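Next comes input17.csv, a file with CSV, C-alpha atoms and all ligand atoms.
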chain,number,residue,atom,x,y,z
A,1,MET,CA,-24.2,10.8,-0.9
A,2,LYS,CA,-23.0,7.2,-1.2
A,3,PHE,CA,-22.4,5.6,-4.6
A,4,PRO,CA,-25.3,4.2,-6.5
A,5,TRP,CA,-24.3,0.5,-6.0
A,6,THR,CA,-26.8,-0.9,-8.5
A,7,ARG,CA,-25.2,1.1,-11.3
A,8,LEU,CA,-21.8,0.2,-10.1
A,9,ARG,CA,-22.6,-3.5,-10.6
A,10,GLU,CA,-23.6,-2.8,-14.2
A,11,LEU,CA,-20.1,-1.2,-14.6
A,12,GLY,CA,-18.5,-4.6,-13.9
A,13,ILE,CA,-17.7,-4.1,-10.2
A,14,VAL,CA,-16.2,-7.3,-8.8
A,15,GLY,CA,-17.6,-8.3,-5.3
A,16,MET,CA,-15.8,-10.2,-2.6
A,17,ASN,CA,-17.2,-13.6,-3.6
A,18,GLN,CA,-16.3,-13.3,-7.2
A,19,ARG,CA,-12.8,-12.0,-6.3
A,20,ASN,CA,-12.2,-15.0,-4.1
A,21,ALA,CA,-13.6,-17.6,-6.4
A,22,GLU,CA,-12.4,-16.4,-9.8
A,23,PHE,CA,-9.2,-14.6,-9.0
A,24,ILE,CA,-7.7,-15.3,-5.6
A,25,MET,CA,-8.4,-19.1,-5.4
A,26,PRO,CA,-7.2,-20.0,-8.9
A,27,TYR,CA,-4.3,-17.6,-9.2
A,28,ASN,CA,-2.9,-17.4,-5.7
A,29,GLU,CA,-1.3,-20.6,-4.4
A,30,ARG,CA,-1.6,-20.7,-0.6
A,31,ARG,CA,2.1,-21.8,-0.3
A,32,TYR,CA,3.2,-18.4,-1.5
A,33,TYR,CA,1.1,-16.4,1.0
A,34,PRO,CA,4.0,-16.2,3.6
A,35,LEU,CA,6.0,-14.4,0.9
A,36,VAL,CA,3.6,-11.5,1.2
A,37,ASP,CA,2.0,-11.9,4.6
A,38,ASN,CA,5.4,-11.7,6.3
A,39,LYS,CA,6.9,-8.3,5.7
A,40,ILE,CA,10.4,-9.4,6.6
A,41,ILE,CA,10.4,-12.1,4.0
A,42,THR,CA,8.9,-9.7,1.4
A,43,LYS,CA,11.6,-7.1,2.2
A,44,GLN,CA,14.4,-9.7,2.0
A,45,ARG,CA,13.2,-11.0,-1.4
A,46,ALA,CA,12.8,-7.5,-2.7
A,47,ILE,CA,16.4,-6.6,-1.8
A,48,GLU,CA,17.6,-9.8,-3.6
A,49,LYS,CA,15.7,-8.7,-6.7
A,50,GLN,CA,17.0,-5.1,-6.4
A,51,ILE,CA,13.5,-3.6,-5.8
A,52,PRO,CA,14.0,-0.6,-3.4
A,53,VAL,CA,12.3,-0.9,0.1
A,54,PRO,CA,12.5,1.1,3.3
A,55,GLU,CA,15.7,0.2,5.1
A,56,LEU,CA,15.3,-2.1,8.1
A,57,PHE,CA,16.7,-0.6,11.3
A,58,GLY,CA,15.8,-3.5,13.6
A,59,HIS,CA,13.7,-6.6,14.1
A,60,ILE,CA,12.5,-7.6,17.5
A,61,GLU,CA,11.3,-11.2,17.8
A,62,LEU,CA,11.4,-12.0,21.5
A,63,GLU,CA,10.2,-10.2,24.6
A,64,HIS,CA,13.7,-10.0,26.1
A,65,GLN,CA,15.0,-8.2,23.0
A,66,ILE,CA,12.8,-5.2,23.9
A,67,ALA,CA,15.6,-4.2,26.2
A,68,TYR,CA,17.7,-3.4,23.1
A,69,LEU,CA,15.1,-0.9,21.8
A,70,PRO,CA,16.8,2.2,23.2
A,71,SER,CA,20.1,1.3,21.4
A,72,ILE,CA,18.3,0.3,18.2
A,73,LEU,CA,16.5,3.7,18.2
A,74,GLU,CA,19.4,5.8,19.4
A,75,PRO,CA,20.7,6.7,16.0
A,76,HIS,CA,17.3,7.5,14.5
A,77,SER,CA,15.0,10.4,15.2
A,78,GLU,CA,12.4,9.2,12.7
A,79,PHE,CA,11.3,5.6,12.2
A,80,VAL,CA,8.2,3.4,11.8
A,81,ILE,CA,7.3,0.4,14.0
A,82,LYS,CA,5.0,-2.2,12.5
A,83,PRO,CA,3.9,-5.8,13.0
A,84,THR,CA,5.6,-8.2,10.6
A,85,ASN,CA,2.3,-10.0,9.9
A,86,GLY,CA,0.1,-6.9,10.2
A,87,SER,CA,-2.5,-5.6,7.7
A,88,GLY,CA,-4.9,-2.7,7.3
A,89,GLY,CA,-2.6,-0.2,9.0
A,90,ASN,CA,-3.2,-1.9,12.4
A,91,GLY,CA,-0.4,-1.6,14.9
A,92,ILE,CA,1.7,0.8,12.8
A,93,MET,CA,3.4,3.6,14.8
A,94,VAL,CA,5.0,6.4,12.8
A,95,ILE,CA,7.6,8.4,14.7
A,96,ALA,CA,8.4,11.7,13.1
A,97,GLY,CA,10.9,13.2,15.6
A,98,LYS,CA,12.4,13.3,19.0
A,99,THR,CA,12.1,16.1,21.6
A,100,ALA,CA,14.9,17.6,23.6
A,101,SER,CA,13.4,16.1,26.7
A,102,GLY,CA,13.6,12.6,25.3
A,103,TYR,CA,10.1,12.0,24.1
A,104,PHE,CA,9.2,10.8,20.6
A,105,ARG,CA,6.7,12.7,18.4
A,106,LYS,CA,4.1,10.7,16.4
A,107,SER,CA,3.0,11.9,13.0
A,108,ASN,CA,-0.2,13.3,14.6
A,109,ASP,CA,2.1,15.4,16.9
A,110,SER,CA,1.3,13.6,20.1
A,111,LEU,CA,4.3,12.6,22.2
A,112,VAL,CA,5.2,9.2,23.4
A,113,HIS,CA,7.7,8.0,25.9
A,114,MET,CA,10.2,5.1,25.4
A,115,ASP,CA,8.1,3.0,27.8
A,116,GLU,CA,5.0,3.4,25.6
A,117,ILE,CA,7.1,2.4,22.6
A,118,LYS,CA,8.3,-0.7,24.5
A,119,HIS,CA,4.7,-1.5,25.5
A,120,HIS,CA,3.6,-1.1,21.9
A,121,VAL,CA,6.3,-3.5,20.7
A,122,SER,CA,5.3,-6.0,23.4
A,123,ASN,CA,1.7,-5.8,22.2
A,124,ILE,CA,2.9,-6.5,18.6
A,125,LEU,CA,4.8,-9.6,19.8
A,126,SER,CA,1.8,-10.9,21.7
A,127,GLY,CA,-0.1,-11.0,18.3
A,128,MET,CA,-2.5,-8.1,19.0
A,129,TYR,CA,-2.3,-6.9,15.4
A,130,SER,CA,-1.2,-9.9,13.5
A,131,LEU,CA,-3.2,-11.9,10.9
A,132,GLY,CA,-5.0,-14.7,12.8
A,133,GLY,CA,-3.9,-13.3,16.2
A,134,GLU,CA,-0.7,-15.5,16.3
A,135,THR,CA,2.5,-14.3,18.1
A,136,ASP,CA,4.4,-11.9,15.9
A,137,SER,CA,7.6,-9.9,15.6
A,138,ALA,CA,8.1,-6.1,15.2
A,139,ILE,CA,9.9,-4.3,12.4
A,140,ILE,CA,11.6,-1.0,12.9
A,141,GLU,CA,12.3,0.7,9.6
A,142,TYR,CA,13.2,4.0,7.8
A,143,ARG,CA,10.3,6.5,7.8
A,144,VAL,CA,9.5,7.4,4.3
A,145,LYS,CA,9.2,11.1,3.5
A,146,PHE,CA,6.6,11.8,0.9
A,147,ASP,CA,7.3,13.3,-2.5
A,148,PRO,CA,6.6,17.1,-2.9
A,149,CYS,CA,3.8,16.2,-5.4
A,150,PHE,CA,1.7,15.2,-2.3
A,151,GLU,CA,2.4,18.3,-0.3
A,152,ASN,CA,-1.1,19.7,-0.5
A,153,ILE,CA,-3.1,16.5,-0.4
A,154,SER,CA,-1.6,14.5,2.4
A,155,TYR,CA,-2.3,15.1,6.1
A,156,LYS,CA,0.7,14.1,8.3
A,157,GLY,CA,1.6,10.8,6.7
A,158,VAL,CA,2.9,9.1,3.6
A,159,PRO,CA,0.5,8.4,0.8
A,160,ASP,CA,0.8,5.0,-0.9
A,161,ILE,CA,0.1,3.9,-4.3
A,162,ARG,CA,-1.9,0.6,-4.5
A,163,MET,CA,-1.7,-1.3,-7.8
A,164,ILE,CA,-3.6,-4.4,-8.9
A,165,VAL,CA,-1.2,-6.6,-10.8
A,166,PHE,CA,-2.9,-9.5,-12.5
A,167,ARG,CA,-0.8,-12.2,-14.1
A,168,GLY,CA,2.1,-9.8,-13.7
A,169,ILE,CA,0.3,-7.0,-15.6
A,170,PRO,CA,-0.4,-3.8,-13.7
A,171,LEU,CA,-4.1,-3.0,-14.4
A,172,PHE,CA,-5.5,-0.7,-11.8
A,173,ALA,CA,-4.0,2.0,-9.6
A,174,MET,CA,-5.0,4.4,-6.9
A,175,VAL,CA,-3.2,6.6,-4.4
A,176,ARG,CA,-4.3,6.6,-0.8
A,177,LEU,CA,-3.9,9.8,1.2
A,178,PRO,CA,-3.6,10.0,4.9
A,179,THR,CA,-6.1,12.2,6.7
A,180,ARG,CA,-6.3,13.6,10.3
A,181,GLN,CA,-8.4,10.5,11.1
A,182,SER,CA,-5.9,7.9,9.7
A,183,ASP,CA,-3.0,9.0,11.9
A,184,GLY,CA,-0.1,8.8,9.5
A,185,ARG,CA,-1.3,5.7,7.7
A,186,ALA,CA,-2.7,5.5,4.2
A,187,ASN,CA,-5.2,2.6,4.8
A,188,LEU,CA,-8.8,3.2,3.7
A,189,HIS,CA,-10.1,1.5,6.8
A,190,GLN,CA,-8.2,3.9,9.0
A,191,GLY,CA,-9.9,6.8,7.2
A,192,ALA,CA,-7.6,7.6,4.3
A,193,VAL,CA,-8.9,9.0,1.0
A,194,GLY,CA,-8.5,6.8,-2.1
A,195,VAL,CA,-8.0,8.6,-5.4
A,196,GLY,CA,-8.1,6.8,-8.8
A,197,ILE,CA,-5.1,7.1,-11.1
A,198,ASP,CA,-5.2,6.9,-14.9
A,199,LEU,CA,-3.0,3.9,-15.5
A,200,CYS,CA,-1.8,5.2,-18.9
A,201,THR,CA,-0.7,8.7,-17.7
A,202,GLY,CA,-0.3,8.7,-13.9
A,203,LEU,CA,-2.8,11.5,-13.5
A,204,THR,CA,-5.1,11.4,-10.5
A,205,ASN,CA,-8.9,11.5,-11.0
A,206,GLN,CA,-11.6,11.5,-8.4
A,207,GLY,CA,-11.5,10.4,-4.7
A,208,VAL,CA,-13.5,8.3,-2.3
A,209,MET,CA,-13.6,8.4,1.5
A,210,GLN,CA,-15.5,5.8,3.5
A,211,SER,CA,-17.5,4.9,0.3
A,212,ARG,CA,-18.4,8.5,-0.4
A,213,PRO,CA,-17.2,10.5,-3.4
A,214,VAL,CA,-14.9,13.4,-2.6
A,215,LYS,CA,-13.3,16.0,-4.7
A,216,ASP,CA,-11.0,17.8,-2.2
A,217,HIS,CA,-8.8,16.5,0.6
A,218,PRO,CA,-11.0,16.7,3.8
A,219,ASP,CA,-8.2,18.3,5.9
A,220,THR,CA,-6.2,20.4,3.5
A,221,GLY,CA,-9.1,21.4,1.2
A,222,PHE,CA,-6.9,21.1,-2.0
A,223,THR,CA,-8.3,19.4,-5.1
A,224,LEU,CA,-7.5,15.7,-5.5
A,225,THR,CA,-7.7,15.7,-9.3
A,226,GLN,CA,-5.2,16.1,-12.1
A,227,ILE,CA,-2.1,15.6,-10.0
A,228,GLN,CA,0.7,14.0,-11.9
A,229,ILE,CA,2.5,11.2,-10.1
A,230,PRO,CA,6.2,11.5,-11.0
A,231,GLN,CA,8.2,8.7,-12.5
A,232,TRP,CA,5.0,6.9,-13.4
A,233,ASP,CA,6.4,4.5,-15.9
A,234,PHE,CA,9.1,3.5,-13.5
A,235,ILE,CA,6.5,2.9,-10.8
A,236,LEU,CA,4.4,0.7,-13.1
A,237,GLU,CA,7.5,-1.3,-14.0
A,238,MET,CA,8.4,-1.7,-10.3
A,239,ALA,CA,4.9,-3.0,-9.6
A,240,ALA,CA,5.1,-5.4,-12.5
A,241,SER,CA,8.4,-6.8,-11.3
A,242,CYS,CA,6.9,-7.6,-7.9
A,243,TYR,CA,5.3,-10.5,-9.6
A,244,GLU,CA,8.8,-12.0,-9.9
A,245,LEU,CA,9.3,-11.9,-6.1
A,246,ALA,CA,6.0,-13.4,-5.2
A,247,PRO,CA,4.4,-15.5,-8.0
A,248,LEU,CA,0.8,-14.6,-7.0
A,249,GLY,CA,-1.4,-14.1,-10.1
A,250,TYR,CA,-3.7,-11.6,-8.3
A,251,LEU,CA,-1.5,-9.3,-6.4
A,252,GLY,CA,-2.0,-6.0,-4.6
A,253,VAL,CA,1.3,-4.0,-4.6
A,254,ASP,CA,1.8,-1.0,-2.3
A,255,LEU,CA,4.4,1.5,-3.3
A,256,VAL,CA,5.5,4.8,-1.8
A,257,LEU,CA,7.4,7.7,-3.3
A,258,ASP,CA,10.2,9.0,-1.1
A,259,ARG,CA,11.4,12.6,-1.7
A,260,ASP,CA,15.1,11.6,-1.4
A,261,ARG,CA,15.2,7.9,-2.3
A,262,GLY,CA,12.5,7.7,-5.0
A,263,PRO,CA,9.9,4.9,-5.4
A,264,MET,CA,10.0,2.0,-2.9
A,265,MET,CA,7.9,-1.1,-2.5
A,266,LEU,CA,6.2,-1.1,0.9
A,267,GLU,CA,4.3,-4.4,0.9
A,268,LEU,CA,2.4,-6.9,-1.1
A,269,ASN,CA,-1.1,-8.3,-0.6
A,270,ALA,CA,-2.5,-11.6,-1.6
A,271,ARG,CA,-6.1,-10.4,-0.9
A,272,PRO,CA,-6.2,-6.8,-2.1
A,273,GLY,CA,-9.4,-4.9,-1.4
A,274,LEU,CA,-12.0,-3.9,-3.9
A,275,ALA,CA,-12.3,-0.1,-3.2
A,276,ILE,CA,-9.9,0.6,-5.9
A,277,GLN,CA,-12.8,0.2,-8.3
A,278,ILE,CA,-14.8,2.9,-6.5
A,279,ALA,CA,-11.8,5.2,-6.5
A,280,ASN,CA,-11.5,4.8,-10.2
A,281,ARG,CA,-15.3,4.7,-10.9
A,282,GLN,CA,-14.7,1.6,-13.0
A,283,GLY,CA,-15.2,-2.1,-12.4
A,284,LEU,CA,-12.4,-4.7,-12.5
A,285,GLY,CA,-14.6,-7.3,-14.0
A,286,PRO,CA,-14.3,-6.8,-17.8
A,287,ILE,CA,-10.6,-6.0,-17.6
A,288,LEU,CA,-9.7,-9.0,-15.5
A,289,LYS,CA,-11.8,-11.3,-17.7
A,290,TYR,CA,-10.0,-10.0,-20.8
A,291,THR,CA,-6.6,-10.4,-19.2
A,292,GLN,CA,-7.5,-13.9,-18.0
A,293,ALA,CA,-8.2,-14.9,-21.6
A,294,LEU,CA,-4.8,-13.7,-22.9
A,295,GLY,CA,-2.5,-16.5,-24.1
A,296,THR,CA,1.1,-15.7,-23.4
A,297,ILE,CA,2.2,-13.0,-21.0
A,298,PRO,CA,5.5,-11.2,-21.7
A,299,VAL,CA,8.4,-12.2,-19.5
A,300,SER,CA,9.8,-8.7,-19.2
A,301,ALA,CA,8.2,-6.3,-16.7
A,302,LYS,CA,8.5,-3.4,-19.1
A,303,ARG,CA,6.6,-5.4,-21.8
A,304,ARG,CA,3.9,-6.3,-19.2
A,305,VAL,CA,3.5,-2.6,-18.4
A,306,LYS,CA,2.9,-1.9,-22.1
A,307,VAL,CA,0.3,-4.7,-22.2
A,308,GLY,CA,-1.4,-3.2,-19.1
A,309,LYS,CA,-1.7,0.2,-20.8
A,310,GLU,CA,-3.0,-1.3,-24.0
A,311,ILE,CA,-5.7,-3.2,-22.0
A,312,ARG,CA,-6.7,0.0,-20.2
A,313,GLN,CA,-7.0,1.9,-23.5
A,314,LYS,CA,-9.1,-0.8,-24.9
A,315,PHE,CA,-11.5,-0.6,-21.9
A,316,ALA,CA,-11.3,3.2,-21.6
A,317,LYS,CA,-14.2,4.6,-19.6
A,318,GLU,CA,-16.9,6.7,-21.4
A,319,PRO,CA,-16.2,10.3,-20.3
A,320,SER,CA,-18.6,11.0,-17.4
B,401,LIG,N1,8.3,3.1,6.5
B,401,LIG,C1,7.2,3.9,6.4
B,401,LIG,N2,7.3,5.2,6.4
B,401,LIG,C2,6.2,6.0,6.4
B,401,LIG,N3,5.0,5.6,6.5
B,401,LIG,C3,4.8,4.2,6.5
B,401,LIG,C4,5.9,3.3,6.5
B,401,LIG,N4,5.4,2.1,6.6
B,401,LIG,C5,4.0,2.2,6.6
B,401,LIG,N5,3.7,3.5,6.6
B,401,LIG,C6,2.3,4.0,6.6
B,401,LIG,O1,1.4,3.0,7.0
B,401,LIG,C7,0.6,2.5,6.0
B,401,LIG,C8,0.4,1.0,6.0
B,401,LIG,O2,1.7,0.4,5.9
B,401,LIG,P1,1.9,-1.1,5.3
B,401,LIG,O3,3.3,-1.4,5.4
B,401,LIG,O4,1.3,-1.1,3.9
B,401,LIG,O5,1.1,-2.0,6.3
B,401,LIG,P2,-0.4,-2.7,6.3
B,401,LIG,O6,-0.1,-4.1,5.9
B,401,LIG,O7,-0.9,-2.6,7.7
B,401,LIG,O8,-1.2,-1.9,5.2
B,401,LIG,C9,1.3,3.0,4.7
B,401,LIG,O9,0.3,3.1,3.6
B,401,LIG,C10,1.9,4.3,5.1
B,401,LIG,O10,1.0,5.3,5.0
B,402,MG,MG,-0.6,-1.7,3.1

Please render this file's structure as structure tokens.
Ligand SMILES: Nc1ncnc2c1ncn2[C@@H]1O[C@H](COP(=O)(O)OP(=O)(O)O)[C@@H](O)[C@H]1O
Ligand SMILES: [Mg+2]
Amino acid sequence: MKFPWTRLRELGIVGMNQRNAEFIMPYNERRYYPLVDNKIITKQRAIEKQIPVPELFGHIELEHQIAYLPSILEPHSEFVIKPTNGSGGNGIMVIAGKTASGYFRKSNDSLVHMDEIKHHVSNILSGMYSLGGETDSAIIEYRVKFDPCFENISYKGVPDIRMIVFRGIPLFAMVRLPTRQSDGRANLHQGAVGVGIDLCTGLTNQGVMQSRPVKDHPDTGFTLTQIQIPQWDFILEMAASCYELAPLGYLGVDLVLDRDRGPMMLELNARPGLAIQIANRQGLGPILKYTQALGTIPVSAKRRVKVGKEIRQKFAKEPS
């Protein structure tokens, strides 16, 4: 069963046109887009602002540098290769190990040879996965290992927490869980499950997969609800401080929880998708409108988190 869209509209669900006209155009200045569209720039700025990010192992910008791949990868048995200007999980290769015979193991357990990795990097450089199809560069970074809280509800990949941060205030959150179909990536368009998170408590509620409501993870069978995301207030504060590294009023922040290194910022989005409303069974409309009308916004990220929680309490959903 799909969601009853007519009722969702009554709930204040924001559509693409409204999002673009009322929130992205007025709040996101185009000149700041490169700060978030380019994952190397985002990473560098995050490091300057002391926001933890996955460590960069290598950056390949030109075809002839592909020859250096074996020496870049030599010290690492696990890593992720991704296009610097990619989106939607496209072109991301997650390598989870090496075999004795010299093959690399992807998160879905299939094996790849160094030549295929080189070929993949060459495709990234040609712009196959980049925004607008322009030539790109390839990032090789630390593979995040998910927090034990996701043990039962993630299928071979790292869940990420997507947060909508409006005027620097975190307002909406969901966790996206990789599935068999999404091949190690937590992007909804790749087949991941989105699960709403109560912004005030960090507890998960219901899920959505390809616009259909789901209660259990499709591959593990475990329930998706009432899971406590650890270090929730710290995660909220990290999301709020991302506004200081890219002054975009309407921002999608992607965070991951590493079992050893804790919460990390994965990437930022200037045009975050709208499925977060479906995952939370609540529309962004009334909450964004209210936040839009606020006079002054606190300078400190901690205070902005407090404001975000107060707003969500004010607009608490009727129990369904
Ligand atoms: N360093 C990493 N370690 C483990 N998984 C990762 C890593 N980087 C990306 N992924 C997986 O791929 C997904 C998409 O990555 P992201 O950097 O957000 O790129 P995109 O812009 O394509 O969404 C993440 O949600 C995560 O599941
Ligand atoms: Mg992403």

| query | Just how far from CA of Asp136 (chain A) is CA of Val53 (chain A), in Å to one decimal? | reply |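 Going from CA of Val53 (chain A) over to CA of Asp136 (chain A) covers 20.8 Å.
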
| Nearest to Lys106 (chain A): which of A:Leu203, A:Val80, A:Leu251, A:Leu125 is it, counting only C-alpha atoms? |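 Among the listed residues, the smallest separation from Lys106 (chain A) belongs to A:Val80.
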
| Selection within 10 Å of ligand MG 402 (chain B) by all atoms listed in the file, output as a ChimeraX atom specification | /A:86-90,160-162,176,185-188,252-255,266-269,272

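When only C-alpha atoms and all ligand atoms are used to measure the gap to ligand LIG 401 (chain B), the shortest distance among A:His76, A:Arg30, A:His59, A:Lys145 belongs to A:Lys145.
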
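As for CA of Met114 (chain A) and atom C10 of ligand LIG 401 (chain B), they are spaced 21.9 Å apart.
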
| Contacts of His119 (chain A) within 12 Å, all atoms listed in the file, excl. fewer than 2 positions in-chain, as a list of chain:residue names | A:Glu63, A:Ile66, A:Ala67, A:Leu69, A:Ile81, A:Gly91, A:Met93, A:Val112, A:His113, A:Met114, A:Asp115, A:Glu116, A:Ile117, A:Val121, A:Ser122, A:Asn123, A:Ile124, A:Leu125, A:Ser126, A:Met128, A:Ala138

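Between Tyr243 (chain A) and the residues A:Tyr103, A:Phe146, A:Phe57, A:Tyr32, the shortest atom-to-atom distance, using all atoms listed in the file, involves A:Tyr32.
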
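Closest approach to ligand LIG 401 (chain B) from the set A:Ala240, A:Val158, A:Leu248, A:Leu288 is made by A:Val158, with distances taken over all atoms listed in the file.
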
| remark: Shortest contact to Asp260 (chain A), candidates A:Gly127, A:Glu78, A:Pro70, A:Val144, atoms counted only C-alpha atoms, goes to A:Val144

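Put simply, CA of Gly58 (chain A) is 20.3 Å away from CA of Val256 (chain A).
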
| field | Residue among A:His217, A:Arg212, A:Lys82, A:Lys306 lying closest to ligand LIG 401 (chain B), counting all atoms listed in the file | value | A:Lys82

| Selection near Met16 (chain A), 10 Å with only C-alpha atoms, sequence-local residues under 3 positions removed, as a list in words |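 The residues that qualify are Ile13, Arg19, Asn20, Ala21, Arg271, Gly273 and Leu274 of chain A.
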
| task | Pick out the residues sitting within 7 Å of Phe172 (chain A), and hand them over as number ranges by chain; count all atoms listed in the file, and ignore anything fewer than 3 positions along from it in its own chain. | result | A: 163-164, 199

What's the 6 Å shell around Gln206 (chain A), counting only C-alpha atoms, without same-chain residues fewer than 2 positions away, as a short mmCIF file (atom, residue, chain, number, x, y, z; two decimals) with C-alpha atoms, keeping the file's coordinate frame?
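Contents of selection14.cif, freshly written:
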data_model
loop_
_atom_site.label_atom_id
_atom_site.label_comp_id
_atom_site.auth_asym_id
_atom_site.auth_seq_id
_atom_site.Cartn_x
_atom_site.Cartn_y
_atom_site.Cartn_z
CA VAL A 195 -8.00 8.60 -5.40
CA GLY A 196 -8.10 6.80 -8.80
CA THR A 225 -7.70 15.70 -9.30
#

| Spatial neighbours of Ala275 (chain A), 9 Å, all atoms listed in the file, chain gap at least 2 places, as a list of chain:residue names | A:Leu188, A:Gly194, A:Val208, A:Ser211, A:Gly273, A:Gln277, A:Ile278, A:Ala279, A:Asn280

Just need the box for region 105-117 of chain A, edges along x, y and z, holding every atom the file lists for it with 4 Å tacked onto each side, so centre and edge lengths in Å to one decimal, as AutoDock Vina command-line options.
--center_x 5.0 --center_y 8.9 --center_z 20.4 --size_x 18.4 --size_y 21.0 --size_z 22.8

Missing atoms in region 107-120 of chain A should be modelled up to N, CA, C and O atoms and reported as a JSON list (two decimals), in the frame of the given file.
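Wrote selection-v1.json, looks like this:
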[["chain", "number", "residue", "atom", "x", "y", "z"],
["A", 107, "SER", "N", 3.29, 10.98, 14.15],
["A", 107, "SER", "CA", 3.00, 11.90, 13.00],
["A", 107, "SER", "C", 1.80, 12.77, 13.29],
["A", 107, "SER", "O", 1.68, 13.82, 12.66],
["A", 108, "ASN", "N", 0.93, 12.42, 14.23],
["A", 108, "ASN", "CA", -0.20, 13.30, 14.60],
["A", 108, "ASN", "C", 0.22, 14.34, 15.65],
["A", 108, "ASN", "O", -0.64, 14.98, 16.25],
["A", 109, "ASP", "N", 1.52, 14.44, 15.91],
["A", 109, "ASP", "CA", 2.10, 15.40, 16.90],
["A", 109, "ASP", "C", 1.99, 15.02, 18.32],
["A", 109, "ASP", "O", 2.51, 15.74, 19.17],
["A", 110, "SER", "N", 1.32, 13.92, 18.66],
["A", 110, "SER", "CA", 1.30, 13.60, 20.10],
["A", 110, "SER", "C", 2.63, 12.96, 20.49],
["A", 110, "SER", "O", 3.35, 12.40, 19.65],
["A", 111, "LEU", "N", 2.96, 13.10, 21.76],
["A", 111, "LEU", "CA", 4.30, 12.60, 22.20],
["A", 111, "LEU", "C", 4.14, 11.29, 22.91],
["A", 111, "LEU", "O", 3.17, 11.00, 23.60],
["A", 112, "VAL", "N", 5.14, 10.45, 22.69],
["A", 112, "VAL", "CA", 5.20, 9.20, 23.40],
["A", 112, "VAL", "C", 6.52, 8.96, 24.05],
["A", 112, "VAL", "O", 7.55, 9.41, 23.55],
["A", 113, "HIS", "N", 6.49, 8.26, 25.15],
["A", 113, "HIS", "CA", 7.70, 8.00, 25.90],
["A", 113, "HIS", "C", 8.25, 6.63, 25.49],
["A", 113, "HIS", "O", 7.52, 5.80, 24.96],
["A", 114, "MET", "N", 9.54, 6.43, 25.71],
["A", 114, "MET", "CA", 10.20, 5.10, 25.40],
["A", 114, "MET", "C", 9.38, 3.95, 25.97],
["A", 114, "MET", "O", 9.21, 2.91, 25.33],
["A", 115, "ASP", "N", 8.85, 4.14, 27.19],
["A", 115, "ASP", "CA", 8.10, 3.00, 27.80],
["A", 115, "ASP", "C", 6.87, 2.67, 27.01],
["A", 115, "ASP", "O", 6.50, 1.50, 26.92],
["A", 116, "GLU", "N", 6.23, 3.70, 26.40],
["A", 116, "GLU", "CA", 5.00, 3.40, 25.60],
["A", 116, "GLU", "C", 5.44, 2.67, 24.30],
["A", 116, "GLU", "O", 4.71, 1.81, 23.82],
["A", 117, "ILE", "N", 6.59, 3.04, 23.77],
["A", 117, "ILE", "CA", 7.10, 2.40, 22.60],
["A", 117, "ILE", "C", 7.37, 0.89, 22.89],
["A", 117, "ILE", "O", 6.99, -0.02, 22.16],
["A", 118, "LYS", "N", 8.00, 0.69, 24.04],
["A", 118, "LYS", "CA", 8.30, -0.70, 24.50],
["A", 118, "LYS", "C", 7.01, -1.47, 24.66],
["A", 118, "LYS", "O", 6.90, -2.64, 24.26],
["A", 119, "HIS", "N", 6.03, -0.82, 25.25],
["A", 119, "HIS", "CA", 4.70, -1.50, 25.50],
["A", 119, "HIS", "C", 4.08, -1.82, 24.15],
["A", 119, "HIS", "O", 3.50, -2.90, 23.99],
["A", 120, "HIS", "N", 4.19, -0.89, 23.20],
["A", 120, "HIS", "CA", 3.60, -1.10, 21.90],
["A", 120, "HIS", "C", 4.27, -2.34, 21.21],
["A", 120, "HIS", "O", 3.59, -3.21, 20.66]]
